[in-house]
$ cat target01.txt   # compact mmCIF, C-alpha atoms and all ligand atoms
# COMPACT_ATOMS: atom_id res chain seq x y z
CA MET A 1 196.95 182.21 -2.14
CA VAL A 2 193.52 180.97 -1.13
CA HIS A 3 190.54 183.30 -1.22
CA THR A 4 187.35 182.71 0.65
CA PHE A 5 184.04 183.71 -0.87
CA ARG A 6 182.23 186.35 1.09
CA ALA A 7 178.93 186.77 -0.68
CA MET A 8 176.90 184.81 -3.15
CA PRO A 9 177.12 186.13 -6.68
CA GLU A 10 174.61 188.85 -7.42
CA LEU A 11 173.12 189.99 -10.70
CA PRO A 12 176.15 191.96 -11.97
CA GLU A 13 178.45 188.97 -11.40
CA ILE A 14 175.98 186.64 -13.09
CA GLU A 15 175.63 188.95 -16.09
CA HIS A 16 179.41 189.14 -16.31
CA ALA A 17 179.64 185.34 -16.08
CA ARG A 18 176.97 184.95 -18.76
CA ARG A 19 178.93 187.15 -21.14
CA VAL A 20 182.09 185.14 -20.58
CA ALA A 21 180.23 181.85 -21.10
CA HIS A 22 178.60 183.28 -24.23
CA ASP A 23 181.96 184.34 -25.64
CA ALA A 24 183.47 180.94 -24.89
CA LEU A 25 180.56 178.88 -26.24
CA ASP A 26 179.02 181.00 -28.97
CA GLY A 27 178.91 178.92 -32.16
CA ARG A 28 181.13 176.21 -30.67
CA ARG A 29 180.22 172.57 -30.53
CA ILE A 30 180.24 170.76 -27.18
CA THR A 31 182.27 167.60 -27.75
CA ARG A 32 182.22 166.18 -24.24
CA VAL A 33 180.38 166.76 -20.96
CA GLN A 34 181.90 165.53 -17.70
CA ALA A 35 180.61 165.60 -14.13
CA PHE A 36 183.00 165.33 -11.20
CA HIS A 37 180.70 165.55 -8.20
CA ALA A 38 177.62 163.72 -6.95
CA THR A 39 175.39 166.76 -7.53
CA THR A 40 176.50 167.33 -11.10
CA ARG A 41 176.43 163.59 -11.85
CA ARG A 42 172.79 163.57 -10.77
CA ALA A 43 172.05 166.52 -13.06
CA LEU A 44 174.15 165.42 -16.01
CA THR A 45 172.84 161.90 -16.49
CA PRO A 46 174.01 159.86 -19.47
CA THR A 47 170.81 160.84 -21.31
CA THR A 48 171.33 164.51 -20.54
CA ARG A 49 174.97 164.35 -21.62
CA ARG A 50 173.96 162.70 -24.90
CA ARG A 51 171.58 165.59 -25.59
CA LEU A 52 174.39 168.09 -25.02
CA GLU A 53 177.31 166.38 -26.69
CA GLY A 54 177.74 167.15 -30.37
CA GLN A 55 175.48 170.19 -30.12
CA ARG A 56 176.42 173.68 -31.14
CA VAL A 57 175.66 176.43 -28.61
CA LEU A 58 173.62 179.17 -30.26
CA ALA A 59 173.70 181.63 -27.35
CA VAL A 60 173.99 181.96 -23.60
CA THR A 61 171.17 184.13 -22.32
CA ARG A 62 170.03 185.10 -18.85
CA ARG A 63 166.80 185.50 -16.92
CA ALA A 64 167.32 186.77 -13.34
CA LYS A 65 170.22 184.67 -12.06
CA TYR A 66 169.52 181.77 -14.43
CA GLN A 67 172.01 181.34 -17.25
CA LEU A 68 170.52 179.55 -20.23
CA LEU A 69 172.68 177.68 -22.72
CA GLU A 70 170.63 177.48 -25.89
CA LEU A 71 171.55 174.54 -28.09
CA GLU A 72 170.96 173.93 -31.77
CA ASN A 73 168.69 170.95 -30.96
CA ALA A 74 166.50 173.47 -29.07
CA TYR A 75 167.26 171.98 -25.67
CA VAL A 76 168.17 174.60 -23.07
CA LEU A 77 170.61 173.94 -20.24
CA GLU A 78 169.79 176.08 -17.22
CA VAL A 79 172.69 176.89 -14.88
CA HIS A 80 172.23 178.61 -11.52
CA PHE A 81 175.37 179.39 -9.51
CA ARG A 82 173.55 179.57 -6.13
CA MET A 83 176.18 180.22 -3.43
CA THR A 84 179.61 179.65 -4.94
CA GLY A 85 179.28 178.72 -8.61
CA ASP A 86 181.63 180.26 -11.14
CA TRP A 87 182.96 179.61 -14.63
CA ALA A 88 186.54 178.94 -15.52
CA VAL A 89 187.69 179.02 -19.13
CA GLY A 90 190.85 177.17 -20.11
CA SER A 91 192.26 174.41 -22.25
CA ALA A 92 190.69 170.96 -22.55
CA ALA A 93 194.14 169.60 -21.66
CA ASP A 94 194.08 171.22 -18.20
CA PRO A 95 193.94 168.82 -15.25
CA VAL A 96 190.68 168.65 -13.33
CA ASP A 97 190.61 171.14 -10.47
CA ALA A 98 189.58 170.21 -6.92
CA LEU A 99 186.67 172.66 -7.13
CA GLU A 100 185.65 171.66 -10.66
CA ARG A 101 182.18 170.08 -10.70
CA ALA A 102 181.52 169.87 -14.42
CA ARG A 103 183.41 170.44 -17.64
CA PHE A 104 182.21 171.22 -21.15
CA THR A 105 184.91 170.43 -23.70
CA LEU A 106 184.57 172.34 -26.97
CA ASP A 107 185.49 171.63 -30.57
CA ASN A 108 188.21 174.28 -30.51
CA GLY A 109 190.19 172.58 -27.75
CA ALA A 110 188.90 174.90 -25.03
CA ARG A 111 186.88 174.04 -21.96
CA LEU A 112 184.24 175.80 -19.89
CA SER A 113 184.26 174.49 -16.32
CA LEU A 114 181.82 174.94 -13.49
CA LEU A 115 183.76 175.66 -10.29
CA ASP A 116 181.70 175.38 -7.14
CA GLY A 117 183.23 175.04 -3.67
CA ARG A 118 180.00 174.22 -1.91
CA ALA A 119 178.46 172.32 -4.83
CA PHE A 120 175.04 173.97 -4.56
CA ALA A 121 174.98 175.14 -8.16
CA SER A 122 172.19 173.60 -10.20
CA LEU A 123 172.08 172.37 -13.78
CA ARG A 124 168.84 171.45 -15.48
CA LEU A 125 168.11 170.50 -19.06
CA HIS A 126 164.84 171.79 -20.47
CA ALA A 127 163.21 170.07 -23.43
CA PRO A 128 162.61 172.17 -26.56
CA GLY A 129 160.00 174.86 -25.93
CA ARG A 130 159.59 173.80 -22.32
CA VAL A 131 161.83 176.13 -20.28
CA ARG A 132 160.21 176.34 -16.87
CA LEU A 133 161.59 178.88 -14.40
CA PRO A 134 160.01 180.02 -11.14
CA PRO A 135 157.77 183.12 -11.36
CA LEU A 136 160.03 186.13 -11.90
CA GLY A 137 159.35 189.86 -11.91
CA PRO A 138 160.77 192.36 -14.38
CA GLU A 139 164.50 192.53 -15.14
CA PRO A 140 165.81 195.62 -13.32
CA LEU A 141 168.36 196.46 -16.02
CA ASP A 142 165.81 196.38 -18.85
CA ALA A 143 164.72 199.72 -20.25
CA ALA A 144 161.17 198.47 -19.68
CA PHE A 145 161.79 198.54 -15.91
CA THR A 146 160.38 202.00 -15.16
CA PRO A 147 158.98 203.68 -12.02
CA VAL A 148 155.49 202.87 -13.28
CA VAL A 149 156.41 199.18 -13.48
CA LEU A 150 157.99 199.16 -10.03
CA ALA A 151 155.01 201.00 -8.52
CA GLU A 152 152.76 198.34 -10.01
CA GLN A 153 154.94 195.60 -8.49
CA LEU A 154 154.80 197.25 -5.03
CA ARG A 155 151.04 197.66 -5.04
CA GLY A 156 149.45 195.84 -2.12
CA ARG A 157 152.82 194.89 -0.64
CA ARG A 158 152.53 195.91 2.99
CA GLY A 159 155.89 194.55 4.10
CA PRO A 160 159.00 196.69 4.52
CA ILE A 161 160.51 197.72 1.21
CA LYS A 162 163.93 196.12 1.52
CA PRO A 163 162.74 192.50 2.04
CA VAL A 164 160.05 193.11 -0.59
CA LEU A 165 162.80 193.95 -3.09
CA LEU A 166 164.32 190.53 -2.42
CA ASP A 167 161.14 188.83 -3.60
CA GLN A 168 162.05 187.61 -7.08
CA ARG A 169 158.45 188.08 -8.21
CA VAL A 170 158.78 191.83 -7.52
CA VAL A 171 162.14 192.36 -9.22
CA ALA A 172 164.14 189.54 -10.79
CA GLY A 173 167.63 188.94 -9.52
CA LEU A 174 168.00 191.64 -6.88
CA GLY A 175 169.99 190.28 -3.92
CA ASN A 176 170.57 191.29 -0.32
CA ILE A 177 173.53 193.59 -0.92
CA TYR A 178 172.06 195.54 -3.82
CA ALA A 179 168.63 195.90 -2.22
CA ALA A 180 170.28 197.71 0.72
CA GLU A 181 172.55 199.72 -1.55
CA ALA A 182 169.59 200.79 -3.68
CA CYS A 183 167.63 201.95 -0.61
CA TRP A 184 170.62 204.06 0.45
CA VAL A 185 171.05 205.61 -2.99
CA ALA A 186 167.32 206.37 -3.06
CA ARG A 187 167.46 207.76 0.53
CA ILE A 188 164.64 205.42 1.59
CA ASP A 189 164.31 203.91 5.06
CA PRO A 190 164.41 200.13 4.36
CA ARG A 191 161.63 199.63 6.94
CA THR A 192 159.12 201.73 4.98
CA ALA A 193 156.01 199.80 3.97
CA ALA A 194 156.49 199.07 0.26
CA HIS A 195 152.97 200.01 -0.80
CA SER A 196 153.22 203.39 0.95
CA LEU A 197 156.03 204.70 -1.26
CA GLY A 198 154.81 207.57 -3.42
CA ALA A 199 155.71 208.26 -7.03
CA VAL A 200 158.73 210.40 -6.19
CA ARG A 201 160.32 207.82 -3.94
CA VAL A 202 159.48 204.97 -6.31
CA ALA A 203 161.21 206.91 -9.09
CA ARG A 204 164.27 207.41 -6.87
CA LEU A 205 164.24 203.72 -5.98
CA THR A 206 163.97 202.62 -9.61
CA ALA A 207 166.94 204.82 -10.50
CA GLY A 208 168.81 203.61 -7.41
CA ILE A 209 168.34 199.93 -8.33
CA LYS A 210 169.63 200.53 -11.85
CA HIS A 211 172.50 202.66 -10.58
CA VAL A 212 173.85 200.15 -8.08
CA LEU A 213 173.59 197.28 -10.56
CA GLU A 214 175.14 199.20 -13.43
CA HIS A 215 178.00 200.53 -11.34
CA ALA A 216 178.70 197.30 -9.51
CA PRO A 217 182.33 196.37 -9.85
CA VAL A 218 182.62 192.67 -10.61
CA GLY A 219 185.29 190.78 -8.77
CA ARG A 220 184.47 190.84 -5.11
CA TYR A 221 183.27 187.28 -5.29
CA TYR A 222 185.73 184.51 -5.97
CA GLN A 223 186.88 181.22 -4.56
CA ARG A 224 190.26 180.60 -6.10
CA PRO A 225 192.77 182.38 -8.31
CA ALA A 226 193.18 181.41 -11.93
CA THR A 227 195.94 179.01 -12.89
CA VAL A 228 198.31 179.65 -15.79
CA GLY A 229 196.43 180.06 -19.09
CA GLU A 230 193.07 179.94 -17.37
CA ARG A 231 190.48 182.57 -16.75
CA VAL A 232 188.30 182.37 -13.66
CA VAL A 233 185.36 184.55 -14.37
CA ALA A 234 184.41 186.27 -11.16
CA LEU A 235 188.05 186.84 -10.24
CA GLY A 236 187.95 190.42 -11.36
CA GLU A 237 189.95 193.48 -10.57
CA GLY A 238 190.13 192.75 -6.86
CA ASN A 239 187.93 195.52 -5.58
CA SER A 240 188.05 196.28 -1.90
CA ASP A 241 185.12 196.29 0.47
CA ASP A 242 185.24 200.10 0.44
CA ASP A 243 183.18 200.06 -2.72
CA TRP A 244 179.99 199.39 -0.80
CA ARG A 245 178.03 202.43 0.29
CA VAL A 246 176.31 200.84 3.28
CA TYR A 247 176.68 197.07 2.99
CA ASP A 248 178.91 195.66 5.75
CA ARG A 249 179.74 199.17 6.98
CA GLU A 250 178.08 199.04 10.42
CA GLY A 251 179.43 201.81 12.64
CA GLN A 252 181.26 203.55 9.82
CA PRO A 253 180.22 207.09 8.86
CA CYS A 254 177.55 207.46 6.19
CA LEU A 255 179.14 208.69 2.95
CA ARG A 256 176.36 211.26 2.62
CA CYS A 257 175.66 212.56 6.14
CA ALA A 258 178.42 211.03 8.34
CA ARG A 259 175.99 209.42 10.79
CA PRO A 260 177.10 205.88 11.68
CA ILE A 261 175.66 203.14 9.50
CA VAL A 262 173.42 200.77 11.46
CA ARG A 263 172.59 197.12 10.93
CA THR A 264 169.03 195.84 11.24
CA VAL A 265 167.84 192.28 10.67
CA GLN A 266 164.86 192.04 8.33
CA SER A 267 163.36 188.67 7.42
CA GLY A 268 166.49 187.02 8.75
CA ARG A 269 168.86 189.03 6.54
CA SER A 270 171.14 191.90 7.54
CA THR A 271 170.16 195.33 6.32
CA TYR A 272 172.70 198.14 6.54
CA TRP A 273 171.37 201.67 6.38
CA CYS A 274 171.63 205.24 7.67
CA ARG A 275 169.16 206.67 10.18
CA GLY A 276 170.30 210.16 9.25
CA CYS A 277 169.44 210.40 5.57
CA GLN A 278 167.21 207.41 4.75
CA ARG A 279 163.60 208.30 5.46
ZN ZN A 301 173.36 209.22 5.93

$ encode --input "target01.txt" --output "structure tokens" --more "lines below"
Ligand SMILES: [Zn+2]
Amino acid sequence: MVHTFRAMPELPEIEHARRVAHDALDGRRITRVQAFHATTRRALTPTTRRRLEGQRVLAVTRRAKYQLLELENAYVLEVHFRMTGDWAVGSAADPVDALERARFTLDNGARLSLLDGRAFASLRLHAPGRVRLPPLGPEPLDAAFTPVVLAEQLRGRRGPIKPVLLDQRVVAGLGNIYAAEACWVARIDPRTAAHSLGAVRVARLTAGIKHVLEHAPVGRYYQRPATVGERVVALGEGNSDDDWRVYDREGQPCLRCARPIVRTVQSGRSTYWCRGCQR
């Protein structure tokens, strides 16, 4: 059985992956780091590997879609899945998989592997106290992300709201699917100028963003099934496409008003929405 990936991992998948990586690595010592592809060999140089090997992992944290492996020597390994990255957890004795780009062997005989069909995932080691990420807006799932905060972020943004939500400086980690889903939940026309949204609609949008991220079923994104004794992270419960409210539902009836869902292209990305109930 071979699955094809159909969307890049979004924030809920990344948060799920972070938790799995944290559980696998928390308090464990990395005994060996291996790279199996040109891209990961470039990132995991002998010097970088030496800084990782022998180190205990204190925590795996996340900022937007960046997973951060925090080591006891205060170095931080940043991992970004990009298009097709994923973790697999298994035994250090497992053979190397065709999609495996890097492997972290642990002191308990387990491994954490980076699977990545297209090999766009990035790994970067930050020196102690020198974690440098691109400018990122507030985390949408934080309690501190309130309508007041979102209104502040939208101030002066004259572009249509849906592409504006994809700007990582406005909200960190919101992707194409969830931006459209959030607009539908909030009953907002995705073409509306961002700065023109009043307090009521901004409040609905804030709630909509949190709702779609919190209720996102993980598991629609995967590239291969797990082998015996292995756990591939994003291979979840096998949710069907029906779980989307508007995404990829062009021509199908709106779940709220039954008008057909339309597809518009905004800033080069597809936006699915309802002309009937999104204003
Ligand atoms: Zn509708």

$ closest_residue --input "target01.txt" --among "A:Leu11, A:Cys257, A:Leu25, A:Ala179" --to "ligand ZN 301 (chain A)" --atoms "all atoms listed in the file"
A:Cys257

$ atom_distance --input "target01.txt" --atom1 "atom CA of Leu255 of chain A" --atom2 "atom CA of Gly175 of chain A"
21.7 Å

$ residues_near_ligand --input "target01.txt" --ligand "ligand ZN 301 (chain A)" --cutoff "12 Å" --atoms "all atoms listed in the file" --output "number ranges by chain"
A: 183-189, 245-246, 249, 251-262, 272-279

$ residues_near_point --input "target01.txt" --point "(175.6, 182.6, -9.9)" --cutoff "6 Å" --atoms "only C-alpha atoms" --output "count of residues only"
6

$ residues_around --input "target01.txt" --residues "Leu77 of chain A" --least-positions-apart "6" --cutoff "9 Å" --atoms "all atoms listed in the file" --output "list in words"
Leu52, Gln67, Leu68, Leu69, Glu70, Leu71, Leu123, Arg124, Leu125, His126 and Ala127 of chain A

$ write_last_selection --input "target01.txt" --atoms "C-alpha atoms" --output "mmCIF file, in the coordinates of the input"
data_model
loop_
_atom_site.group_PDB
_atom_site.id
_atom_site.type_symbol
_atom_site.label_atom_id
_atom_site.label_comp_id
_atom_site.auth_asym_id
_atom_site.auth_seq_id
_atom_site.Cartn_x
_atom_site.Cartn_y
_atom_site.Cartn_z
ATOM 1 C CA LEU A 52 174.390 168.090 -25.020
ATOM 2 C CA GLN A 67 172.010 181.340 -17.250
ATOM 3 C CA LEU A 68 170.520 179.550 -20.230
ATOM 4 C CA LEU A 69 172.680 177.680 -22.720
ATOM 5 C CA GLU A 70 170.630 177.480 -25.890
ATOM 6 C CA LEU A 71 171.550 174.540 -28.090
ATOM 7 C CA LEU A 123 172.080 172.370 -13.780
ATOM 8 C CA ARG A 124 168.840 171.450 -15.480
ATOM 9 C CA LEU A 125 168.110 170.500 -19.060
ATOM 10 C CA HIS A 126 164.840 171.790 -20.470
ATOM 11 C CA ALA A 127 163.210 170.070 -23.430
#

$ residues_around --input "target01.txt" --residues "Leu154 of chain A" --least-positions-apart "4" --cutoff "8 Å" --atoms "only C-alpha atoms" --output "PDB file with C-alpha atoms, keeping the file's coordinate frame"
ATOM      1  CA  LEU A 150     157.990 199.160 -10.030  1.00  0.00           C
ATOM      2  CA  VAL A 170     158.780 191.830  -7.520  1.00  0.00           C
ATOM      3  CA  ALA A 194     156.490 199.070   0.260  1.00  0.00           C
ATOM      4  CA  HIS A 195     152.970 200.010  -0.800  1.00  0.00           C
TER       5      HIS A 195
END

$ residues_near_point --input "target01.txt" --point "(181.6, 175.0, -10.9)" --cutoff "9 Å" --atoms "all atoms listed in the file" --output "list in words"
Phe81, Thr84, Gly85, Asp86, Trp87, Ala88, Leu99, Glu100, Arg101, Ala102, Arg103, Ser113, Leu114, Leu115, Asp116, Gly117, Ala119 and Ala121 of chain A

$ atom_distance --input "target01.txt" --atom1 "atom CA of Gly159 of chain A" --atom2 "atom CA of Ala193 of chain A"
5.3 Å

$ residues_around --input "target01.txt" --residues "Arg28 of chain A" --least-positions-apart "3" --cutoff "8 Å" --atoms "only C-alpha atoms" --output "MDAnalysis selection string"
chainID A and resid 24:25 56:57 106:108

$ residues_around --input "target01.txt" --residues "segment 211-217 of chain A" --least-positions-apart "6" --cutoff "7 Å" --atoms "all atoms listed in the file" --output "ChimeraX atom specification"
/A:12,178,181-182

$ write_last_selection --input "target01.txt" --atoms "C-alpha atoms" --output "compact mmCIF listing (two decimals), keeping the file's coordinate frame"
# COMPACT_ATOMS: atom_id res chain seq x y z
CA PRO A 12 176.15 191.96 -11.97
CA TYR A 178 172.06 195.54 -3.82
CA GLU A 181 172.55 199.72 -1.55
CA ALA A 182 169.59 200.79 -3.68

$ residues_around --input "target01.txt" --residues "Leu166 of chain A" --least-positions-apart "5" --cutoff "9 Å" --atoms "all atoms listed in the file" --output "PyMOL selection string"
chain A and resi 161+171-176+179

$ build_atoms --input "target01.txt" --residues "segment 179-194 of chain A" --atoms "N, CA and C atoms" --output "short mmCIF file (atom, residue, chain, number, x, y, z; two decimals), in the coordinates of the input"
data_model
loop_
_atom_site.label_atom_id
_atom_site.label_comp_id
_atom_site.auth_asym_id
_atom_site.auth_seq_id
_atom_site.Cartn_x
_atom_site.Cartn_y
_atom_site.Cartn_z
N ALA A 179 169.89 195.34 -2.72
CA ALA A 179 168.63 195.90 -2.22
C ALA A 179 168.94 196.98 -1.18
N ALA A 180 169.90 196.71 -0.29
CA ALA A 180 170.28 197.71 0.72
C ALA A 180 170.97 198.90 0.08
N GLU A 181 171.84 198.63 -0.87
CA GLU A 181 172.55 199.72 -1.55
C GLU A 181 171.56 200.63 -2.29
N ALA A 182 170.57 200.00 -2.93
CA ALA A 182 169.59 200.79 -3.68
C ALA A 182 168.76 201.67 -2.75
N CYS A 183 168.38 201.14 -1.58
CA CYS A 183 167.63 201.95 -0.61
C CYS A 183 168.46 203.15 -0.16
N TRP A 184 169.76 202.94 0.03
CA TRP A 184 170.62 204.06 0.45
C TRP A 184 170.71 205.12 -0.65
N VAL A 185 170.95 204.65 -1.87
CA VAL A 185 171.05 205.61 -2.99
C VAL A 185 169.75 206.40 -3.12
N ALA A 186 168.63 205.72 -2.91
CA ALA A 186 167.32 206.37 -3.06
C ALA A 186 166.90 207.14 -1.80
N ARG A 187 167.72 207.07 -0.75
CA ARG A 187 167.46 207.76 0.53
C ARG A 187 166.12 207.30 1.14
N ILE A 188 165.89 205.99 1.06
CA ILE A 188 164.64 205.42 1.59
C ILE A 188 164.94 204.54 2.79
N ASP A 189 164.21 204.76 3.87
CA ASP A 189 164.31 203.91 5.06
C ASP A 189 163.89 202.49 4.66
N PRO A 190 164.75 201.49 4.83
CA PRO A 190 164.41 200.13 4.36
C PRO A 190 163.22 199.51 5.08
N ARG A 191 162.77 200.16 6.20
CA ARG A 191 161.63 199.63 6.94
C ARG A 191 160.29 200.16 6.42
N THR A 192 160.34 201.11 5.51
CA THR A 192 159.12 201.73 4.98
C THR A 192 158.23 200.68 4.31
N ALA A 193 156.94 200.74 4.62
CA ALA A 193 156.01 199.80 3.97
C ALA A 193 156.05 200.04 2.46
N ALA A 194 156.27 198.95 1.71
CA ALA A 194 156.49 199.07 0.26
C ALA A 194 155.34 199.79 -0.44
#
